[in-house]
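Coordinates from query_39.pdb are shown below (PDB, N, CA and C atoms).
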```
ATOM      1  N   MET A   1     103.872 122.513  29.968  1.00  0.00           N
ATOM      2  CA  MET A   1     102.474 122.268  29.863  1.00  0.00           C
ATOM      3  C   MET A   1     101.756 123.357  30.658  1.00  0.00           C
ATOM      4  N   GLU A   2     100.677 123.834  30.103  1.00  0.00           N
ATOM      5  CA  GLU A   2      99.859 124.840  30.776  1.00  0.00           C
ATOM      6  C   GLU A   2      98.422 124.389  30.800  1.00  0.00           C
ATOM      7  N   ILE A   3      97.716 124.811  31.820  1.00  0.00           N
ATOM      8  CA  ILE A   3      96.292 124.530  31.893  1.00  0.00           C
ATOM      9  C   ILE A   3      95.545 125.763  31.387  1.00  0.00           C
ATOM     10  N   THR A   4      94.536 125.529  30.591  1.00  0.00           N
ATOM     11  CA  THR A   4      93.765 126.634  30.027  1.00  0.00           C
ATOM     12  C   THR A   4      92.818 127.202  31.083  1.00  0.00           C
ATOM     13  N   GLU A   5      92.228 128.347  30.770  1.00  0.00           N
ATOM     14  CA  GLU A   5      91.239 128.927  31.678  1.00  0.00           C
ATOM     15  C   GLU A   5      90.050 127.983  31.831  1.00  0.00           C
ATOM     16  N   ALA A   6      89.647 127.378  30.731  1.00  0.00           N
ATOM     17  CA  ALA A   6      88.535 126.420  30.794  1.00  0.00           C
ATOM     18  C   ALA A   6      88.917 125.217  31.657  1.00  0.00           C
ATOM     19  N   GLY A   7      90.159 124.770  31.528  1.00  0.00           N
ATOM     20  CA  GLY A   7      90.629 123.661  32.351  1.00  0.00           C
ATOM     21  C   GLY A   7      90.659 124.029  33.822  1.00  0.00           C
ATOM     22  N   SER A   8      91.103 125.231  34.115  1.00  0.00           N
ATOM     23  CA  SER A   8      91.126 125.703  35.506  1.00  0.00           C
ATOM     24  C   SER A   8      89.720 125.774  36.080  1.00  0.00           C
ATOM     25  N   ALA A   9      88.776 126.276  35.269  1.00  0.00           N
ATOM     26  CA  ALA A   9      87.387 126.367  35.724  1.00  0.00           C
ATOM     27  C   ALA A   9      86.813 124.976  35.967  1.00  0.00           C
ATOM     28  N   ALA A  10      87.110 124.033  35.076  1.00  0.00           N
ATOM     29  CA  ALA A  10      86.634 122.656  35.253  1.00  0.00           C
ATOM     30  C   ALA A  10      87.223 122.045  36.512  1.00  0.00           C
ATOM     31  N   LEU A  11      88.492 122.287  36.751  1.00  0.00           N
ATOM     32  CA  LEU A  11      89.151 121.764  37.943  1.00  0.00           C
ATOM     33  C   LEU A  11      88.513 122.327  39.209  1.00  0.00           C
ATOM     34  N   GLU A  12      88.181 123.597  39.202  1.00  0.00           N
ATOM     35  CA  GLU A  12      87.522 124.212  40.358  1.00  0.00           C
ATOM     36  C   GLU A  12      86.165 123.561  40.618  1.00  0.00           C
ATOM     37  N   ARG A  13      85.411 123.276  39.537  1.00  0.00           N
ATOM     38  CA  ARG A  13      84.103 122.632  39.702  1.00  0.00           C
ATOM     39  C   ARG A  13      84.257 121.219  40.258  1.00  0.00           C
ATOM     40  N   VAL A  14      85.235 120.486  39.756  1.00  0.00           N
ATOM     41  CA  VAL A  14      85.472 119.124  40.253  1.00  0.00           C
ATOM     42  C   VAL A  14      85.900 119.163  41.714  1.00  0.00           C
ATOM     43  N   ASP A  15      86.787 120.084  42.048  1.00  0.00           N
ATOM     44  CA  ASP A  15      87.266 120.215  43.425  1.00  0.00           C
ATOM     45  C   ASP A  15      86.106 120.530  44.369  1.00  0.00           C
ATOM     46  N   ALA A  16      85.218 121.419  43.945  1.00  0.00           N
ATOM     47  CA  ALA A  16      84.056 121.766  44.770  1.00  0.00           C
ATOM     48  C   ALA A  16      83.129 120.561  44.936  1.00  0.00           C
ATOM     49  N   ALA A  17      82.928 119.798  43.857  1.00  0.00           N
ATOM     50  CA  ALA A  17      82.065 118.613  43.921  1.00  0.00           C
ATOM     51  C   ALA A  17      82.659 117.559  44.846  1.00  0.00           C
ATOM     52  N   VAL A  18      83.963 117.346  44.758  1.00  0.00           N
ATOM     53  CA  VAL A  18      84.629 116.377  45.631  1.00  0.00           C
ATOM     54  C   VAL A  18      84.498 116.816  47.089  1.00  0.00           C
ATOM     55  N   GLY A  19      84.684 118.088  47.340  1.00  0.00           N
ATOM     56  CA  GLY A  19      84.530 118.606  48.698  1.00  0.00           C
ATOM     57  C   GLY A  19      83.135 118.377  49.250  1.00  0.00           C
ATOM     58  N   ALA A  20      82.121 118.595  48.411  1.00  0.00           N
ATOM     59  CA  ALA A  20      80.739 118.381  48.843  1.00  0.00           C
ATOM     60  C   ALA A  20      80.488 116.913  49.162  1.00  0.00           C
ATOM     61  N   VAL A  21      81.003 116.024  48.335  1.00  0.00           N
ATOM     62  CA  VAL A  21      80.827 114.580  48.576  1.00  0.00           C
ATOM     63  C   VAL A  21      81.548 114.171  49.861  1.00  0.00           C
ATOM     64  N   GLU A  22      82.761 114.672  50.045  1.00  0.00           N
ATOM     65  CA  GLU A  22      83.497 114.333  51.272  1.00  0.00           C
ATOM     66  C   GLU A  22      82.760 114.831  52.511  1.00  0.00           C
ATOM     67  N   ARG A  23      82.219 116.029  52.444  1.00  0.00           N
ATOM     68  CA  ARG A  23      81.480 116.549  53.608  1.00  0.00           C
ATOM     69  C   ARG A  23      80.259 115.688  53.902  1.00  0.00           C
ATOM     70  N   GLU A  24      79.597 115.223  52.835  1.00  0.00           N
ATOM     71  CA  GLU A  24      78.422 114.373  53.027  1.00  0.00           C
ATOM     72  C   GLU A  24      78.809 113.008  53.591  1.00  0.00           C
ATOM     73  N   LEU A  25      79.850 112.406  53.044  1.00  0.00           N
ATOM     74  CA  LEU A  25      80.258 111.072  53.482  1.00  0.00           C
ATOM     75  C   LEU A  25      80.898 111.067  54.862  1.00  0.00           C
ATOM     76  N   PHE A  26      81.737 112.050  55.125  1.00  0.00           N
ATOM     77  CA  PHE A  26      82.534 112.059  56.346  1.00  0.00           C
ATOM     78  C   PHE A  26      81.980 112.987  57.420  1.00  0.00           C
ATOM     79  N   GLY A  27      80.825 113.585  57.180  1.00  0.00           N
ATOM     80  CA  GLY A  27      80.265 114.580  58.090  1.00  0.00           C
ATOM     81  C   GLY A  27      80.060 114.093  59.509  1.00  0.00           C
ATOM     82  N   ASP A  28      79.749 112.820  59.679  1.00  0.00           N
ATOM     83  CA  ASP A  28      79.498 112.280  61.020  1.00  0.00           C
ATOM     84  C   ASP A  28      80.769 111.848  61.740  1.00  0.00           C
ATOM     85  N   LEU A  29      81.903 111.893  61.054  1.00  0.00           N
ATOM     86  CA  LEU A  29      83.166 111.494  61.671  1.00  0.00           C
ATOM     87  C   LEU A  29      83.839 112.694  62.326  1.00  0.00           C
ATOM     88  N   THR A  30      84.540 112.431  63.411  1.00  0.00           N
ATOM     89  CA  THR A  30      85.331 113.491  64.031  1.00  0.00           C
ATOM     90  C   THR A  30      86.523 113.794  63.127  1.00  0.00           C
ATOM     91  N   GLU A  31      87.193 114.893  63.374  1.00  0.00           N
ATOM     92  CA  GLU A  31      88.385 115.241  62.596  1.00  0.00           C
ATOM     93  C   GLU A  31      89.447 114.147  62.721  1.00  0.00           C
ATOM     94  N   ALA A  32      89.599 113.606  63.931  1.00  0.00           N
ATOM     95  CA  ALA A  32      90.577 112.533  64.142  1.00  0.00           C
ATOM     96  C   ALA A  32      90.195 111.285  63.348  1.00  0.00           C
ATOM     97  N   GLU A  33      88.904 110.953  63.327  1.00  0.00           N
ATOM     98  CA  GLU A  33      88.456 109.788  62.568  1.00  0.00           C
ATOM     99  C   GLU A  33      88.660 109.995  61.063  1.00  0.00           C
ATOM    100  N   GLN A  34      88.395 111.204  60.586  1.00  0.00           N
ATOM    101  CA  GLN A  34      88.615 111.515  59.173  1.00  0.00           C
ATOM    102  C   GLN A  34      90.090 111.380  58.807  1.00  0.00           C
ATOM    103  N   THR A  35      90.960 111.879  59.664  1.00  0.00           N
ATOM    104  CA  THR A  35      92.400 111.789  59.429  1.00  0.00           C
ATOM    105  C   THR A  35      92.837 110.329  59.391  1.00  0.00           C
ATOM    106  N   LEU A  36      92.354 109.532  60.338  1.00  0.00           N
ATOM    107  CA  LEU A  36      92.678 108.109  60.384  1.00  0.00           C
ATOM    108  C   LEU A  36      92.190 107.403  59.121  1.00  0.00           C
ATOM    109  N   LEU A  37      90.954 107.667  58.724  1.00  0.00           N
ATOM    110  CA  LEU A  37      90.386 107.031  57.536  1.00  0.00           C
ATOM    111  C   LEU A  37      91.181 107.386  56.281  1.00  0.00           C
ATOM    112  N   ARG A  38      91.512 108.656  56.125  1.00  0.00           N
ATOM    113  CA  ARG A  38      92.294 109.064  54.957  1.00  0.00           C
ATOM    114  C   ARG A  38      93.665 108.386  54.944  1.00  0.00           C
ATOM    115  N   GLY A  39      94.275 108.264  56.105  1.00  0.00           N
ATOM    116  CA  GLY A  39      95.568 107.587  56.193  1.00  0.00           C
ATOM    117  C   GLY A  39      95.464 106.125  55.807  1.00  0.00           C
ATOM    118  N   LEU A  40      94.415 105.458  56.278  1.00  0.00           N
ATOM    119  CA  LEU A  40      94.212 104.051  55.926  1.00  0.00           C
ATOM    120  C   LEU A  40      93.932 103.891  54.437  1.00  0.00           C
ATOM    121  N   LEU A  41      93.110 104.770  53.876  1.00  0.00           N
ATOM    122  CA  LEU A  41      92.811 104.697  52.444  1.00  0.00           C
ATOM    123  C   LEU A  41      94.050 104.968  51.608  1.00  0.00           C
ATOM    124  N   ASP A  42      94.894 105.887  52.051  1.00  0.00           N
ATOM    125  CA  ASP A  42      96.152 106.143  51.342  1.00  0.00           C
ATOM    126  C   ASP A  42      97.018 104.891  51.316  1.00  0.00           C
ATOM    127  N   ARG A  43      97.047 104.155  52.432  1.00  0.00           N
ATOM    128  CA  ARG A  43      97.836 102.924  52.478  1.00  0.00           C
ATOM    129  C   ARG A  43      97.284 101.887  51.519  1.00  0.00           C
ATOM    130  N   VAL A  44      95.961 101.791  51.425  1.00  0.00           N
ATOM    131  CA  VAL A  44      95.344 100.835  50.508  1.00  0.00           C
ATOM    132  C   VAL A  44      95.724 101.179  49.076  1.00  0.00           C
ATOM    133  N   VAL A  45      95.646 102.444  48.720  1.00  0.00           N
ATOM    134  CA  VAL A  45      95.974 102.876  47.360  1.00  0.00           C
ATOM    135  C   VAL A  45      97.433 102.572  47.055  1.00  0.00           C
ATOM    136  N   VAL A  46      98.335 102.877  47.980  1.00  0.00           N
ATOM    137  CA  VAL A  46      99.752 102.630  47.773  1.00  0.00           C
ATOM    138  C   VAL A  46     100.010 101.139  47.644  1.00  0.00           C
ATOM    139  N   ASN A  47      99.422 100.334  48.521  1.00  0.00           N
ATOM    140  CA  ASN A  47      99.641  98.889  48.458  1.00  0.00           C
ATOM    141  C   ASN A  47      99.072  98.293  47.180  1.00  0.00           C
ATOM    142  N   ALA A  48      97.944  98.768  46.730  1.00  0.00           N
ATOM    143  CA  ALA A  48      97.350  98.256  45.492  1.00  0.00           C
ATOM    144  C   ALA A  48      98.233  98.587  44.300  1.00  0.00           C
ATOM    145  N   ALA A  49      98.865  99.748  44.322  1.00  0.00           N
ATOM    146  CA  ALA A  49      99.729 100.160  43.212  1.00  0.00           C
ATOM    147  C   ALA A  49     100.995  99.307  43.135  1.00  0.00           C
ATOM    148  N   GLU A  50     101.377  98.698  44.236  1.00  0.00           N
ATOM    149  CA  GLU A  50     102.597  97.893  44.276  1.00  0.00           C
ATOM    150  C   GLU A  50     102.382  96.469  43.779  1.00  0.00           C
ATOM    151  N   HIS A  51     101.141  96.080  43.539  1.00  0.00           N
ATOM    152  CA  HIS A  51     100.832  94.708  43.157  1.00  0.00           C
ATOM    153  C   HIS A  51     100.219  94.668  41.767  1.00  0.00           C
ATOM    154  N   ASP A  52     100.562  93.620  41.036  1.00  0.00           N
ATOM    155  CA  ASP A  52      99.974  93.381  39.727  1.00  0.00           C
ATOM    156  C   ASP A  52      98.789  92.451  39.943  1.00  0.00           C
ATOM    157  N   CYS A  53      97.608  93.009  39.951  1.00  0.00           N
ATOM    158  CA  CYS A  53      96.406  92.232  40.264  1.00  0.00           C
ATOM    159  C   CYS A  53      96.099  91.179  39.211  1.00  0.00           C
ATOM    160  N   ASP A  54      96.639  91.331  38.009  1.00  0.00           N
ATOM    161  CA  ASP A  54      96.373  90.363  36.948  1.00  0.00           C
ATOM    162  C   ASP A  54      97.389  89.221  36.910  1.00  0.00           C
ATOM    163  N   ALA A  55      98.408  89.282  37.729  1.00  0.00           N
ATOM    164  CA  ALA A  55      99.468  88.277  37.682  1.00  0.00           C
ATOM    165  C   ALA A  55      98.894  86.897  37.983  1.00  0.00           C
ATOM    166  N   GLY A  56      99.148  85.969  37.087  1.00  0.00           N
ATOM    167  CA  GLY A  56      98.738  84.592  37.301  1.00  0.00           C
ATOM    168  C   GLY A  56      97.263  84.333  37.099  1.00  0.00           C
ATOM    169  N   GLN A  57      96.532  85.333  36.651  1.00  0.00           N
ATOM    170  CA  GLN A  57      95.093  85.177  36.447  1.00  0.00           C
ATOM    171  C   GLN A  57      94.826  84.600  35.069  1.00  0.00           C
ATOM    172  N   GLU A  58      93.886  83.683  35.002  1.00  0.00           N
ATOM    173  CA  GLU A  58      93.455  83.169  33.715  1.00  0.00           C
ATOM    174  C   GLU A  58      92.470  84.160  33.113  1.00  0.00           C
ATOM    175  N   GLU A  59      92.302  84.070  31.811  1.00  0.00           N
ATOM    176  CA  GLU A  59      91.305  84.899  31.155  1.00  0.00           C
ATOM    177  C   GLU A  59      89.932  84.531  31.700  1.00  0.00           C
ATOM    178  N   PRO A  60      89.039  85.521  31.903  1.00  0.00           N
ATOM    179  CA  PRO A  60      87.712  85.195  32.428  1.00  0.00           C
ATOM    180  C   PRO A  60      86.916  84.358  31.435  1.00  0.00           C
ATOM    181  N   ALA A  61      86.084  83.484  31.974  1.00  0.00           N
ATOM    182  CA  ALA A  61      85.226  82.651  31.136  1.00  0.00           C
ATOM    183  C   ALA A  61      84.171  83.530  30.474  1.00  0.00           C
ATOM    184  N   GLU A  62      83.718  83.100  29.334  1.00  0.00           N
ATOM    185  CA  GLU A  62      82.666  83.835  28.630  1.00  0.00           C
ATOM    186  C   GLU A  62      81.343  83.595  29.324  1.00  0.00           C
ATOM    187  N   GLY A  63      80.400  84.499  29.121  1.00  0.00           N
ATOM    188  CA  GLY A  63      79.054  84.344  29.649  1.00  0.00           C
ATOM    189  C   GLY A  63      78.851  85.088  30.950  1.00  0.00           C
ATOM    190  N   PRO A  64      77.614  85.079  31.450  1.00  0.00           N
ATOM    191  CA  PRO A  64      77.291  85.829  32.673  1.00  0.00           C
ATOM    192  C   PRO A  64      77.954  85.222  33.910  1.00  0.00           C
ATOM    193  N   ARG A  65      78.250  86.094  34.867  1.00  0.00           N
ATOM    194  CA  ARG A  65      78.858  85.643  36.120  1.00  0.00           C
ATOM    195  C   ARG A  65      77.971  86.063  37.267  1.00  0.00           C
ATOM    196  N   ASP A  66      77.869  85.209  38.250  1.00  0.00           N
ATOM    197  CA  ASP A  66      77.149  85.559  39.473  1.00  0.00           C
ATOM    198  C   ASP A  66      78.105  86.242  40.416  1.00  0.00           C
ATOM    199  N   ARG A  67      77.654  87.292  41.040  1.00  0.00           N
ATOM    200  CA  ARG A  67      78.481  87.992  42.024  1.00  0.00           C
ATOM    201  C   ARG A  67      77.764  88.032  43.330  1.00  0.00           C
TER     202      ARG A  67
END
```
Take the structure I supplied and represent it as structure tokens, if you would.
Amino acid sequence: MEITEAGSAALERVDAAVGAVERELFGDLTEAEQTLLRGLLDRVVVNAAEHDCDAGQEEPAEGPRDR
């Protein structure tokens, strides 16, 4: 599999956008706090991937739901 030049350019734009969002969101955190937060978020992602969130769930009822 190869990525096209257009794909590479799109990836660069997405990477730059993600970097800008991270700088905005995490700008007030120290480097240590950012590292800790990323580590905790990685654990959440890994733990969520290990579980079947739909297991044992009934089909949702029809109609509007209050949240």
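Between atom C of Arg38 (chain A) and atom N of Asp52 (chain A) there is a distance of 21.4 Å.
In this model, the gap between CA of Thr35 (chain A) and CA of Ala49 (chain A) comes to 21.3 Å.
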Around all the atoms of region 9-12 of chain A listed in the file, draw an axis-aligned box and extend it by 8 Å on each of the six sides; I want its centre and edge lengths in Å to one decimal, as AutoDock Vina command-line options.
```
--center_x 87.7 --center_y 124.1 --center_z 37.8 --size_x 19.0 --size_y 20.6 --size_z 21.5
```
Output as a tab-separated table (two decimals), keeping the file's coordinate frame: region 27-38 of chain A, completed with all heavy atoms.
```tsv
chain	number	residue	atom	x	y	z
A	27	GLY	N	80.82	113.58	57.18
A	27	GLY	CA	80.26	114.58	58.09
A	27	GLY	C	80.06	114.09	59.51
A	27	GLY	O	80.15	114.87	60.46
A	28	ASP	N	79.75	112.82	59.68
A	28	ASP	CA	79.50	112.28	61.02
A	28	ASP	C	80.77	111.85	61.74
A	28	ASP	O	80.71	111.45	62.90
A	28	ASP	CB	78.53	111.10	60.94
A	28	ASP	CG	77.12	111.52	60.55
A	28	ASP	OD1	76.78	112.71	60.74
A	28	ASP	OD2	76.38	110.67	60.02
A	29	LEU	N	81.90	111.89	61.05
A	29	LEU	CA	83.17	111.49	61.67
A	29	LEU	C	83.84	112.69	62.33
A	29	LEU	O	83.74	113.81	61.84
A	29	LEU	CB	84.12	110.91	60.62
A	29	LEU	CG	83.65	109.67	59.88
A	29	LEU	CD1	84.67	109.27	58.83
A	29	LEU	CD2	83.38	108.52	60.82
A	30	THR	N	84.54	112.43	63.41
A	30	THR	CA	85.33	113.49	64.03
A	30	THR	C	86.52	113.79	63.13
A	30	THR	O	86.85	113.01	62.22
A	30	THR	CB	85.86	113.07	65.41
A	30	THR	OG1	86.80	112.00	65.23
A	30	THR	CG2	84.74	112.64	66.35
A	31	GLU	N	87.19	114.89	63.37
A	31	GLU	CA	88.38	115.24	62.60
A	31	GLU	C	89.45	114.15	62.72
A	31	GLU	O	90.09	113.78	61.75
A	31	GLU	CB	88.95	116.59	63.06
A	31	GLU	CG	90.03	117.13	62.16
A	31	GLU	CD	89.53	117.52	60.78
A	31	GLU	OE1	88.39	117.99	60.66
A	31	GLU	OE2	90.29	117.31	59.82
A	32	ALA	N	89.60	113.61	63.93
A	32	ALA	CA	90.58	112.53	64.14
A	32	ALA	C	90.20	111.28	63.35
A	32	ALA	O	91.06	110.63	62.76
A	32	ALA	CB	90.69	112.20	65.63
A	33	GLU	N	88.90	110.95	63.33
A	33	GLU	CA	88.46	109.79	62.57
A	33	GLU	C	88.66	110.00	61.06
A	33	GLU	O	89.06	109.07	60.35
A	33	GLU	CB	86.98	109.50	62.86
A	33	GLU	CG	86.74	108.99	64.26
A	33	GLU	CD	85.27	108.95	64.64
A	33	GLU	OE1	84.48	109.78	64.14
A	33	GLU	OE2	84.90	108.07	65.45
A	34	GLN	N	88.40	111.20	60.59
A	34	GLN	CA	88.62	111.52	59.17
A	34	GLN	C	90.09	111.38	58.81
A	34	GLN	O	90.44	110.82	57.76
A	34	GLN	CB	88.13	112.92	58.85
A	34	GLN	CG	86.62	113.07	58.88
A	34	GLN	CD	86.18	114.48	58.56
A	34	GLN	OE1	86.78	115.16	57.74
A	34	GLN	NE2	85.12	114.93	59.22
A	35	THR	N	90.96	111.88	59.66
A	35	THR	CA	92.40	111.79	59.43
A	35	THR	C	92.84	110.33	59.39
A	35	THR	O	93.60	109.92	58.51
A	35	THR	CB	93.17	112.57	60.51
A	35	THR	OG1	92.76	113.94	60.44
A	35	THR	CG2	94.66	112.46	60.32
A	36	LEU	N	92.35	109.53	60.34
A	36	LEU	CA	92.68	108.11	60.38
A	36	LEU	C	92.19	107.40	59.12
A	36	LEU	O	92.93	106.64	58.49
A	36	LEU	CB	92.07	107.46	61.62
A	36	LEU	CG	92.24	105.95	61.76
A	36	LEU	CD1	93.71	105.57	61.83
A	36	LEU	CD2	91.49	105.44	62.97
A	37	LEU	N	90.95	107.67	58.72
A	37	LEU	CA	90.39	107.03	57.54
A	37	LEU	C	91.18	107.39	56.28
A	37	LEU	O	91.52	106.52	55.48
A	37	LEU	CB	88.92	107.44	57.36
A	37	LEU	CG	88.22	106.88	56.13
A	37	LEU	CD1	88.25	105.35	56.11
A	37	LEU	CD2	86.79	107.39	56.07
A	38	ARG	N	91.51	108.66	56.12
A	38	ARG	CA	92.29	109.06	54.96
A	38	ARG	C	93.66	108.39	54.94
A	38	ARG	O	94.15	107.97	53.89
A	38	ARG	CB	92.43	110.58	54.91
A	38	ARG	CG	91.16	111.27	54.47
A	38	ARG	CD	91.36	112.75	54.22
A	38	ARG	NE	90.12	113.35	53.75
A	38	ARG	CZ	89.27	114.01	54.52
A	38	ARG	NH1	89.53	114.18	55.81
A	38	ARG	NH2	88.16	114.52	54.01
```
